[in-house]
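Novice: Hey, dropping final.csv in here, CSV, C-alpha atoms:
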```
chain,number,residue,atom,x,y,z
A,217,MET,CA,15.7,18.0,-3.6
A,218,THR,CA,17.8,21.0,-2.9
A,219,ALA,CA,21.6,21.1,-2.8
A,220,SER,CA,21.5,21.8,0.9
A,221,SER,CA,20.1,18.3,1.5
A,222,SER,CA,22.7,16.6,-0.7
A,223,SER,CA,24.6,15.3,2.3
A,224,ALA,CA,21.5,14.1,4.3
A,225,ARG,CA,21.1,10.4,5.0
A,226,PHE,CA,18.3,8.1,5.9
A,227,THR,CA,18.6,4.7,7.6
A,228,ALA,CA,17.6,1.3,6.3
A,229,VAL,CA,17.5,-1.6,8.6
A,230,TYR,CA,18.3,-5.2,7.4
A,231,ARG,CA,18.2,-8.6,8.9
A,232,VAL,CA,21.3,-10.5,7.8
A,233,ALA,CA,21.9,-14.2,8.4
A,234,CYS,CA,25.6,-14.5,9.0
A,235,GLU,CA,28.2,-16.0,11.3
A,236,ALA,CA,29.3,-13.6,14.0
A,237,SER,CA,32.9,-13.7,12.9
A,238,ARG,CA,31.9,-12.4,9.4
A,239,ILE,CA,29.1,-9.9,10.2
A,240,GLU,CA,31.2,-6.8,10.2
A,241,ALA,CA,32.6,-7.5,6.8
A,242,ARG,CA,29.2,-8.6,5.5
A,243,ALA,CA,27.6,-5.4,6.7
A,244,GLN,CA,30.3,-3.3,5.0
A,245,ALA,CA,29.8,-5.2,1.8
A,246,LEU,CA,26.0,-4.6,2.0
A,247,ALA,CA,26.6,-0.9,2.5
A,248,LEU,CA,28.7,-0.8,-0.7
A,249,GLU,CA,26.3,-3.0,-2.6
A,250,GLN,CA,23.4,-0.7,-1.8
A,251,SER,CA,25.2,2.5,-2.6
A,252,VAL,CA,28.1,2.6,-5.1
A,253,GLU,CA,28.2,-1.1,-6.0
A,254,LEU,CA,32.0,-0.9,-6.0
A,255,PRO,CA,34.9,-1.9,-3.7
A,256,LEU,CA,35.7,1.1,-1.6
A,257,ASP,CA,39.2,1.1,-3.1
A,258,ALA,CA,37.6,1.8,-6.5
A,259,VAL,CA,36.0,5.0,-5.2
A,260,HIS,CA,38.6,7.8,-5.8
A,261,ASP,CA,36.4,10.9,-5.6
A,262,ARG,CA,36.5,12.3,-2.0
A,263,ARG,CA,33.0,13.7,-2.2
A,264,VAL,CA,31.6,10.4,-3.3
A,265,ARG,CA,33.4,8.6,-0.5
A,266,ASP,CA,32.2,11.1,2.1
A,267,GLN,CA,28.7,11.8,1.0
A,268,VAL,CA,27.5,9.0,-1.2
A,269,VAL,CA,29.0,5.7,0.0
A,270,ALA,CA,26.7,4.2,2.6
A,271,ARG,CA,27.8,3.8,6.2
A,272,VAL,CA,27.2,1.0,8.6
A,273,GLU,CA,25.6,2.6,11.7
A,274,SER,CA,25.1,-0.4,13.9
A,275,ILE,CA,25.1,-4.1,14.1
A,276,ARG,CA,23.0,-5.9,16.7
A,277,PRO,CA,22.5,-9.7,17.2
A,278,VAL,CA,18.8,-10.6,17.1
A,279,ASP,CA,19.0,-14.4,17.4
A,280,HIS,CA,21.4,-17.3,16.7
A,281,GLY,CA,23.0,-16.7,13.3
A,282,ALA,CA,21.2,-13.4,12.5
A,283,PHE,CA,21.9,-9.7,13.0
A,284,GLU,CA,20.1,-6.5,12.6
A,285,VAL,CA,22.2,-4.1,10.5
A,286,ALA,CA,21.4,-0.4,10.2
A,287,ILE,CA,22.9,1.4,7.2
A,288,ALA,CA,22.8,5.1,6.5
A,289,LEU,CA,22.1,5.8,2.8
A,290,ALA,CA,22.6,9.1,1.0
A,291,THR,CA,19.3,10.9,0.3
A,292,GLU,CA,20.7,12.4,-2.8
A,293,THR,CA,20.9,8.9,-4.4
A,294,VAL,CA,17.1,8.7,-4.4
A,295,GLY,CA,16.7,11.6,-6.8
A,296,HIS,CA,12.9,12.3,-7.0
A,297,ASP,CA,11.7,8.8,-7.8
A,298,ALA,CA,9.9,6.2,-5.6
A,299,GLY,CA,11.3,3.4,-7.7
A,300,GLN,CA,14.8,4.6,-7.1
A,301,LEU,CA,14.1,4.7,-3.4
A,302,MET,CA,13.1,1.1,-3.6
A,303,ASN,CA,16.3,0.4,-5.6
A,304,MET,CA,18.5,2.1,-3.0
A,305,LEU,CA,16.8,0.3,-0.2
A,306,PHE,CA,16.8,-3.2,-1.6
A,307,GLY,CA,17.7,-3.4,-5.3
A,308,ASN,CA,20.8,-5.6,-5.4
A,309,ALA,CA,20.4,-6.9,-1.8
A,310,SER,CA,17.1,-8.5,-2.7
A,311,LEU,CA,19.1,-10.9,-4.8
A,312,GLN,CA,21.1,-12.0,-1.8
A,313,GLU,CA,19.1,-14.6,0.1
A,314,ASP,CA,20.7,-13.9,3.5
A,315,VAL,CA,19.3,-10.3,3.6
A,316,ALA,CA,15.8,-9.0,4.4
A,317,LEU,CA,14.7,-5.4,4.5
A,318,ILE,CA,12.9,-4.8,7.8
A,319,ASP,CA,12.6,-1.1,8.4
A,320,VAL,CA,13.4,2.4,7.1
A,321,GLU,CA,13.7,5.6,9.0
A,322,ILE,CA,11.4,8.1,7.2
A,323,THR,CA,13.2,11.4,7.3
A,324,PRO,CA,11.7,14.9,6.8
A,325,ALA,CA,13.4,15.0,3.4
A,326,LEU,CA,11.7,11.8,2.2
A,327,ALA,CA,8.4,12.9,3.7
A,328,SER,CA,8.6,16.2,1.8
A,329,LEU,CA,9.8,14.6,-1.4
A,330,PHE,CA,7.0,12.1,-1.8
A,331,GLY,CA,4.2,13.8,0.1
A,332,GLY,CA,2.3,10.8,1.3
A,333,PRO,CA,-1.5,10.6,1.1
A,334,ARG,CA,-3.3,13.5,-0.4
A,335,PHE,CA,-6.6,12.7,1.3
A,336,GLY,CA,-5.8,10.4,4.2
A,337,ILE,CA,-8.3,9.4,6.9
A,338,ALA,CA,-9.9,12.8,7.2
A,339,GLY,CA,-10.2,13.1,3.5
A,340,LEU,CA,-11.8,9.7,3.0
A,341,ARG,CA,-14.3,10.5,5.8
A,342,ALA,CA,-15.1,13.7,4.0
A,343,LEU,CA,-15.6,11.8,0.7
A,344,THR,CA,-17.8,9.2,2.2
A,345,GLY,CA,-19.6,11.3,4.8
A,346,VAL,CA,-18.8,8.6,7.3
A,347,HIS,CA,-17.7,9.7,10.8
A,348,GLY,CA,-17.4,8.0,14.2
A,349,ARG,CA,-17.3,4.5,12.9
A,350,PRO,CA,-15.2,2.3,10.5
A,351,LEU,CA,-15.9,2.2,6.8
A,352,SER,CA,-17.2,-0.9,5.0
A,353,CYS,CA,-15.8,-2.0,1.7
A,354,THR,CA,-16.5,-4.9,-0.7
A,355,ALA,CA,-15.3,-6.0,-4.1
A,356,LEU,CA,-16.9,-6.5,-7.5
A,357,LYS,CA,-16.0,-10.1,-8.6
A,358,PRO,CA,-15.4,-12.5,-10.2
A,359,GLN,CA,-13.5,-11.8,-13.4
A,360,GLY,CA,-15.5,-12.9,-16.5
A,361,MET,CA,-18.8,-11.1,-15.6
A,362,THR,CA,-20.0,-8.5,-18.0
A,363,ALA,CA,-20.0,-4.8,-17.2
A,364,MET,CA,-23.8,-4.9,-16.7
A,365,GLN,CA,-23.6,-7.8,-14.3
A,366,LEU,CA,-21.0,-6.1,-12.3
A,367,ALA,CA,-23.0,-2.9,-12.3
A,368,GLU,CA,-26.1,-4.8,-11.0
A,369,LEU,CA,-23.9,-6.3,-8.2
A,370,ALA,CA,-22.6,-2.8,-7.4
A,371,ARG,CA,-26.2,-1.6,-7.1
A,372,THR,CA,-27.0,-4.3,-4.6
A,373,PHE,CA,-23.9,-3.4,-2.5
A,374,ALA,CA,-24.7,0.3,-2.5
A,375,ASP,CA,-28.4,-0.2,-1.8
A,376,THR,CA,-27.6,-2.3,1.3
A,377,GLY,CA,-25.4,0.5,2.8
A,378,ILE,CA,-21.8,-0.5,2.0
A,379,ASP,CA,-19.6,2.5,1.9
A,380,VAL,CA,-16.9,1.7,-0.7
A,381,ILE,CA,-17.3,-0.7,-3.7
A,382,LYS,CA,-14.0,-1.5,-5.3
A,383,ASP,CA,-13.1,-3.5,-8.4
A,384,ASP,CA,-11.5,-6.8,-7.6
A,385,HIS,CA,-7.8,-6.3,-8.3
A,386,GLY,CA,-8.0,-8.9,-11.1
A,387,LEU,CA,-10.4,-6.7,-13.0
A,388,ALA,CA,-8.4,-4.7,-15.6
A,389,ASP,CA,-9.3,-3.9,-19.2
A,390,GLN,CA,-10.4,-7.4,-20.2
A,391,SER,CA,-12.9,-8.2,-23.0
A,392,ALA,CA,-15.7,-9.4,-20.7
A,393,ALA,CA,-16.0,-6.0,-19.0
A,394,PRO,CA,-13.8,-3.4,-20.7
A,395,PHE,CA,-12.8,-0.5,-18.5
A,396,ASP,CA,-14.5,2.1,-20.7
A,397,GLN,CA,-17.8,0.1,-20.4
A,398,ARG,CA,-17.5,-1.1,-16.8
A,399,VAL,CA,-16.8,2.3,-15.1
A,400,PRO,CA,-19.8,4.2,-16.7
A,401,ALA,CA,-22.1,1.2,-16.1
A,402,VAL,CA,-21.2,0.9,-12.4
A,403,ALA,CA,-21.3,4.7,-11.9
A,404,ARG,CA,-24.8,4.9,-13.4
A,405,ALA,CA,-25.9,1.9,-11.2
A,406,ILE,CA,-25.0,3.6,-7.9
A,407,ASP,CA,-25.8,7.2,-9.0
A,408,GLY,CA,-27.6,9.0,-6.2
A,409,MET,CA,-26.4,6.6,-3.5
A,410,PRO,CA,-23.7,7.5,-1.0
A,411,ALA,CA,-21.4,4.6,-1.8
A,412,LEU,CA,-18.0,5.3,-3.5
A,413,TYR,CA,-16.9,3.2,-6.5
A,414,ALA,CA,-13.1,2.5,-6.8
A,415,PRO,CA,-12.3,1.2,-10.2
A,416,SER,CA,-9.0,-0.6,-10.7
A,417,ILE,CA,-6.5,1.5,-12.6
A,418,THR,CA,-4.0,-0.7,-14.5
A,419,GLY,CA,-1.5,-0.8,-17.4
A,420,SER,CA,1.2,1.6,-18.4
A,421,LEU,CA,1.3,5.1,-17.0
A,422,ASP,CA,-0.4,6.3,-20.2
A,423,ASP,CA,-3.1,3.7,-19.8
A,424,MET,CA,-3.6,4.6,-16.1
A,425,ARG,CA,-3.9,8.3,-17.0
A,426,ARG,CA,-6.4,7.5,-19.7
A,427,GLN,CA,-8.4,5.3,-17.4
A,428,LEU,CA,-8.3,8.0,-14.7
A,429,ASP,CA,-9.8,10.5,-17.1
A,430,ILE,CA,-12.7,8.1,-17.9
A,431,ALA,CA,-13.2,7.5,-14.1
A,432,GLN,CA,-13.2,11.2,-13.3
A,433,ARG,CA,-15.6,12.0,-16.1
A,434,ASN,CA,-18.0,9.5,-14.5
A,435,GLY,CA,-17.7,11.1,-11.1
A,436,VAL,CA,-15.3,8.6,-9.5
A,437,ARG,CA,-13.5,10.0,-6.4
A,438,ILE,CA,-11.3,7.0,-5.4
A,439,VAL,CA,-9.4,4.4,-7.4
A,440,LEU,CA,-7.7,1.1,-6.7
A,441,VAL,CA,-4.0,0.8,-7.5
A,442,THR,CA,-1.6,-2.0,-7.2
A,443,PRO,CA,1.8,-0.4,-6.5
A,444,MET,CA,3.9,-3.6,-6.9
A,445,VAL,CA,2.3,-4.5,-10.2
A,446,SER,CA,1.9,-1.0,-11.8
A,447,GLY,CA,5.2,0.3,-10.3
A,448,VAL,CA,5.6,2.6,-7.3
A,449,SER,CA,6.8,5.4,-9.5
A,450,ASN,CA,3.6,5.4,-11.5
A,451,VAL,CA,1.5,5.2,-8.4
A,452,THR,CA,3.4,8.2,-6.9
A,453,ALA,CA,2.8,10.1,-10.1
A,454,LEU,CA,-1.0,9.4,-9.9
A,455,ALA,CA,-1.0,10.5,-6.2
A,456,ARG,CA,0.4,13.8,-7.3
A,457,GLU,CA,-1.8,14.3,-10.3
A,458,ALA,CA,-5.1,12.5,-9.9
A,459,GLY,CA,-7.1,14.6,-7.5
A,460,VAL,CA,-8.8,11.3,-6.3
A,461,ALA,CA,-8.0,9.1,-3.3
A,462,LEU,CA,-5.9,6.0,-3.8
A,463,LEU,CA,-6.7,2.6,-2.3
A,464,ALA,CA,-3.6,0.4,-2.5
A,465,HIS,CA,-3.8,-3.4,-3.1
A,466,PRO,CA,-1.0,-5.7,-1.8
A,467,ALA,CA,-0.7,-8.0,-4.8
A,468,LEU,CA,3.0,-9.0,-5.4
A,469,ALA,CA,4.0,-7.4,-2.1
A,470,GLY,CA,5.0,-10.8,-0.8
A,471,ALA,CA,7.4,-11.4,-3.6
A,472,ALA,CA,10.4,-9.8,-1.9
A,473,ARG,CA,11.9,-10.1,1.6
A,474,ILE,CA,10.5,-6.8,2.8
A,475,ALA,CA,8.7,-6.6,6.2
A,476,PRO,CA,5.0,-6.1,5.6
A,477,HIS,CA,4.7,-3.2,8.0
A,478,LEU,CA,7.4,-1.4,6.0
A,479,LEU,CA,6.1,-2.1,2.5
A,480,LEU,CA,2.4,-2.0,3.0
A,481,GLY,CA,2.5,0.4,5.8
A,482,LYS,CA,5.3,3.0,5.7
A,483,LEU,CA,6.2,2.9,2.1
A,484,PHE,CA,2.8,2.7,0.5
A,485,ARG,CA,1.7,5.5,2.7
A,486,LEU,CA,4.8,7.6,1.8
A,487,PHE,CA,4.1,7.0,-1.9
A,488,GLY,CA,0.5,8.3,-1.6
A,489,ALA,CA,-1.9,5.5,-0.5
A,490,ASP,CA,-4.9,7.0,1.3
A,491,ALA,CA,-5.9,3.5,2.4
A,492,THR,CA,-3.9,0.2,2.2
A,493,ILE,CA,-5.3,-3.3,2.0
A,494,PHE,CA,-3.5,-6.1,3.8
A,495,PRO,CA,-4.3,-9.8,4.6
A,496,ASN,CA,-5.7,-9.9,8.0
A,497,ALA,CA,-4.7,-12.7,10.4
A,498,GLY,CA,-7.0,-15.7,10.4
A,499,GLY,CA,-7.9,-15.3,6.8
A,500,ARG,CA,-6.6,-16.9,3.6
A,501,PHE,CA,-3.0,-15.7,4.1
A,502,GLY,CA,-0.4,-16.3,6.7
A,503,TYR,CA,0.1,-12.9,8.3
A,504,SER,CA,0.3,-12.9,12.1
A,505,GLN,CA,-1.8,-10.6,14.3
A,506,ALA,CA,1.4,-8.8,15.3
A,507,GLN,CA,2.3,-8.1,11.6
A,508,CYS,CA,-1.2,-6.8,11.0
A,509,LEU,CA,-1.2,-4.5,14.0
A,510,ALA,CA,2.2,-3.2,12.9
A,511,ILE,CA,0.8,-2.4,9.4
A,512,ALA,CA,-2.1,-0.5,11.0
A,513,ALA,CA,0.2,1.4,13.3
A,514,ALA,CA,2.6,2.3,10.4
A,515,VAL,CA,-0.2,3.9,8.3
A,516,ARG,CA,-1.8,5.8,11.2
A,517,GLU,CA,1.1,6.9,13.4
A,518,THR,CA,2.4,10.5,13.4
A,519,CYS,CA,5.1,10.9,10.8
A,520,TYR,CA,6.2,14.5,10.1
A,521,ASP,CA,3.5,16.2,8.0
A,522,LEU,CA,2.3,13.0,6.3
A,523,ARG,CA,-1.5,12.4,6.6
A,524,ALA,CA,-2.5,9.2,8.2
A,525,SER,CA,-4.0,6.4,6.0
A,526,LEU,CA,-6.8,4.0,6.7
A,527,PRO,CA,-5.7,0.4,7.3
A,528,VAL,CA,-7.9,-2.1,5.4
A,529,PRO,CA,-7.7,-5.7,6.9
A,530,ALA,CA,-9.0,-8.2,4.3
A,531,GLY,CA,-8.5,-11.6,2.8
A,532,GLY,CA,-11.1,-14.1,3.7
A,533,MET,CA,-13.0,-12.0,6.3
A,534,ASN,CA,-16.6,-12.5,7.2
A,535,VAL,CA,-19.4,-10.6,8.9
A,536,GLU,CA,-19.1,-12.5,12.1
A,537,ARG,CA,-15.5,-11.2,12.6
A,538,VAL,CA,-16.5,-7.5,12.4
A,539,PRO,CA,-16.9,-6.9,16.2
A,540,GLU,CA,-13.5,-8.6,16.9
A,541,MET,CA,-11.8,-6.6,14.1
A,542,ARG,CA,-13.3,-3.4,15.3
A,543,GLU,CA,-12.1,-4.0,18.8
A,544,ARG,CA,-8.6,-4.8,17.6
A,545,TYR,CA,-8.2,-2.0,15.0
A,546,GLY,CA,-10.6,0.7,16.2
A,547,ASP,CA,-12.9,3.0,14.2
A,548,ASP,CA,-10.2,4.5,11.9
A,549,THR,CA,-10.3,1.4,9.8
A,550,MET,CA,-12.0,0.2,6.6
A,551,PHE,CA,-13.2,-3.4,6.7
A,552,LEU,CA,-13.1,-5.3,3.4
A,553,ILE,CA,-15.3,-8.4,3.0
A,554,GLY,CA,-15.8,-9.9,-0.5
A,555,GLY,CA,-16.3,-13.6,-1.2
A,556,SER,CA,-18.1,-14.4,2.0
A,557,LEU,CA,-20.9,-12.0,1.0
A,558,LEU,CA,-21.2,-13.5,-2.5
A,559,VAL,CA,-21.4,-17.1,-1.3
A,560,ALA,CA,-24.8,-16.2,0.2
A,561,ALA,CA,-26.2,-16.4,-3.4
A,562,SER,CA,-29.9,-15.6,-3.3
A,563,ALA,CA,-29.4,-14.2,0.2
A,564,VAL,CA,-26.6,-11.9,-0.8
A,565,ARG,CA,-28.7,-8.8,-0.1
A,566,ALA,CA,-29.4,-9.8,3.4
A,567,ARG,CA,-25.8,-10.7,4.0
A,568,CYS,CA,-24.6,-7.4,2.7
A,569,ARG,CA,-27.0,-5.5,4.9
A,570,ALA,CA,-25.8,-7.6,7.9
A,571,PHE,CA,-22.2,-6.4,7.1
A,572,ALA,CA,-23.2,-2.8,6.8
A,573,ASP,CA,-25.2,-3.0,10.0
A,574,ALA,CA,-22.3,-4.7,11.9
A,575,VAL,CA,-20.0,-1.9,10.9
A,576,ARG,CA,-22.6,0.7,12.0
A,577,ALA,CA,-23.3,-1.0,15.3
A,578,PRO,CA,-22.5,1.3,18.4
```
Here is a file; write its structure as C-alpha cells.

Specialist:
Amino acid sequence: MTASSSSARFTAVYRVACEASRIEARAQALALEQSVELPLDAVHDRRVRDQVVARVESIRPVDHGAFEVAIALATETVGHDAGQLMNMLFGNASLQEDVALIDVEITPALASLFGGPRFGIAGLRALTGVHGRPLSCTALKPQGMTAMQLAELARTFADTGIDVIKDDHGLADQSAAPFDQRVPAVARAIDGMPALYAPSITGSLDDMRRQLDIAQRNGVRIVLVTPMVSGVSNVTALAREAGVALLAHPALAGAARIAPHLLLGKLFRLFGADATIFPNAGGRFGYSQAQCLAIAAAVRETCYDLRASLPVPAGGMNVERVPEMRERYGDDTMFLIGGSLLVAASAVRARCRAFADAVRAP
C-alpha cells in the first residue's frame, strides 16, 4: 500500500441493538473500539486523530431497537494482511453481543491489495473444459476410509461424469488416509479422466505449502481450503503463491455474527476463493433463500477488477433438486451433492450418473 493511499477509507456497516437515546454515543464508541481502542481524549497526535480514528458516517434505524451504523475505517490500518482486515472490521466488536457485521464497501485499494480469485469462473471453466452449463461436484467421504477406498470411490465419481471431486472438509492428514498417500492414490485413480480432484489442504502454513507441493506433483489443479479454520491470511498467501484454483469451505463461518453474503461472498472472494461453498436453503442448515441468493450475487457481481467466483450451493442437496437450483442460480454455478449419492449403496454408480446427467440437461 503506497503512502498516497494512507488517508483512504473503507466503510464497514454494522447492525447495533441499542436504544434510540444512546445510539449516537454507541456508534462513536464502536468507531473508537474498531480503530484506536482508546478514548478520543487519549489520542494526542493530530495525524492519528484525522487519518486513523474511525468516523461514524451514518446511523439509520432498521427496526425497533436496532440501527444500521456505517463506519469509515482507515485503509492504512489493514497493512497487507487479510487477518488484519478481519480484525479491523470485527475484532473487538465481535465480543460485543449487541453488534453484528453486515456489510463492507470493497474499495479499489482493497481489491488491488488482495487481488481476489486468480482463476475465477472463466479459469475454472478452462480447467474443467465445461462451458454452457453448471459444474457438478461431489465429496470423498466419510473419514476413516483408507486411501485406496477413497481412490476407488473417486474413480466411480469420475467415471460417471462428475466434474469436480473434492475431499470432505474433515479429511486432513489422519492415519486412516494420510495426505501423502491419499492424494497420489486418488490422482492415479482418475488419471486420464476429465474430472478434477480437489484435496483438502490443512494445518499450519508450512504444512499447507508441503501438501500443496505434493498435490502439484500429482497433477492437482484445484484444492479445498477452509479459510476460517486455516486462517484467512494463510489462504490469501496460498492464493498468491499456489498457481492452482481455490475452493473455499464454510466451516466455522457461522461462529461469528458476520452476514453470510459478506463473509462467504465478498470476503472469501476478495481473499482469493475461485469458488465458495455455502449451505443452500432447504438442506441441513438454516440459511434462507434470500441469504443464499445474496451470497451468489456477491461472488459474481462486478467489483472493480476482481474476477467473479463460482457459487457452490450444498449441504444436504439431492439429484431431484438440480433443475430447481439451476433455475434459481443459473449456469455459472457449481452444484455439490455428497451424502445423498452415497446412500444409494450398490446403486451409487447409477445415482452419480443421474446427477451428472441432470447437470448436463439442456

Novice: Tell me which of A:Val232, A:Ala572, A:Cys508, A:Leu356 sits closest to Val278 in chain A, counting all atoms listed in the file.

Specialist: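 Using all atoms listed in the file, the shortest distance to Val278 in chain A belongs to A:Val232.
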
Novice: As an exercise, work out the distance from CA of Asp379 in chain A to CA of Pro539 in chain A in Å and give it to one decimal place.

Specialist: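 Taking CA of Asp379 in chain A and CA of Pro539 in chain A, their separation equals 17.3 Å.
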
Novice: When you draw a straight line from CA of Ala570 in chain A to CA of Cys353 in chain A, how long is it in Å?

Specialist: 13.0 Å

Novice: Identify which of the residues A:Ala290, A:Ala491, A:Val268, A:Val441 lies closest to Val515 in chain A, counting only C-alpha atoms when measuring atom-to-atom distances.

Specialist: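 Under the stated criterion, the closest residue is A:Ala491.
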
Novice: Pick from A:Leu463, A:Ile239, A:Ala224, A:Ala469: nearest to Ala325 in chain A, with all atoms listed in the file counted?

Specialist: A:Ala224

Novice: Using all atoms listed in the file for the distances, tell me which of A:Ala338, A:Leu462, A:Met302, A:Ala566 is nearest to Gly447 in chain A.

Specialist: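 Closest candidate: A:Met302.
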
Novice: Excluding Glu536 in chain A and its own-chain neighbours fewer than 3 positions away, which residues fall within 10 Å of it when counting all atoms listed in the file? Please give them as an mmCIF file with C-alpha atoms, keeping the file's coordinate frame.

Specialist:
```
data_model
loop_
_atom_site.group_PDB
_atom_site.id
_atom_site.type_symbol
_atom_site.label_atom_id
_atom_site.label_comp_id
_atom_site.auth_asym_id
_atom_site.auth_seq_id
_atom_site.Cartn_x
_atom_site.Cartn_y
_atom_site.Cartn_z
ATOM 1 C CA MET A 533 -13.000 -12.000 6.300
ATOM 2 C CA PRO A 539 -16.900 -6.900 16.200
ATOM 3 C CA GLU A 540 -13.500 -8.600 16.900
ATOM 4 C CA MET A 541 -11.800 -6.600 14.100
ATOM 5 C CA ALA A 570 -25.800 -7.600 7.900
ATOM 6 C CA PHE A 571 -22.200 -6.400 7.100
ATOM 7 C CA ALA A 574 -22.300 -4.700 11.900
#
```

Novice: May I have the residues within 12 Å of Pro400 in chain A as an MDAnalysis selection string, using only C-alpha atoms and disregarding those fewer than 2 positions away in the same chain?

Specialist: chainID A and resid 363:364 366:367 370 393:398 402:407 413 415 427 429:436

Novice: Counting all atoms listed in the file, what is within 9 Å of Ala236 in chain A, bar same-chain residues fewer than 2 positions away, as a PyMOL selection string?

Specialist: chain A and resi 234+238-240+277+281-283
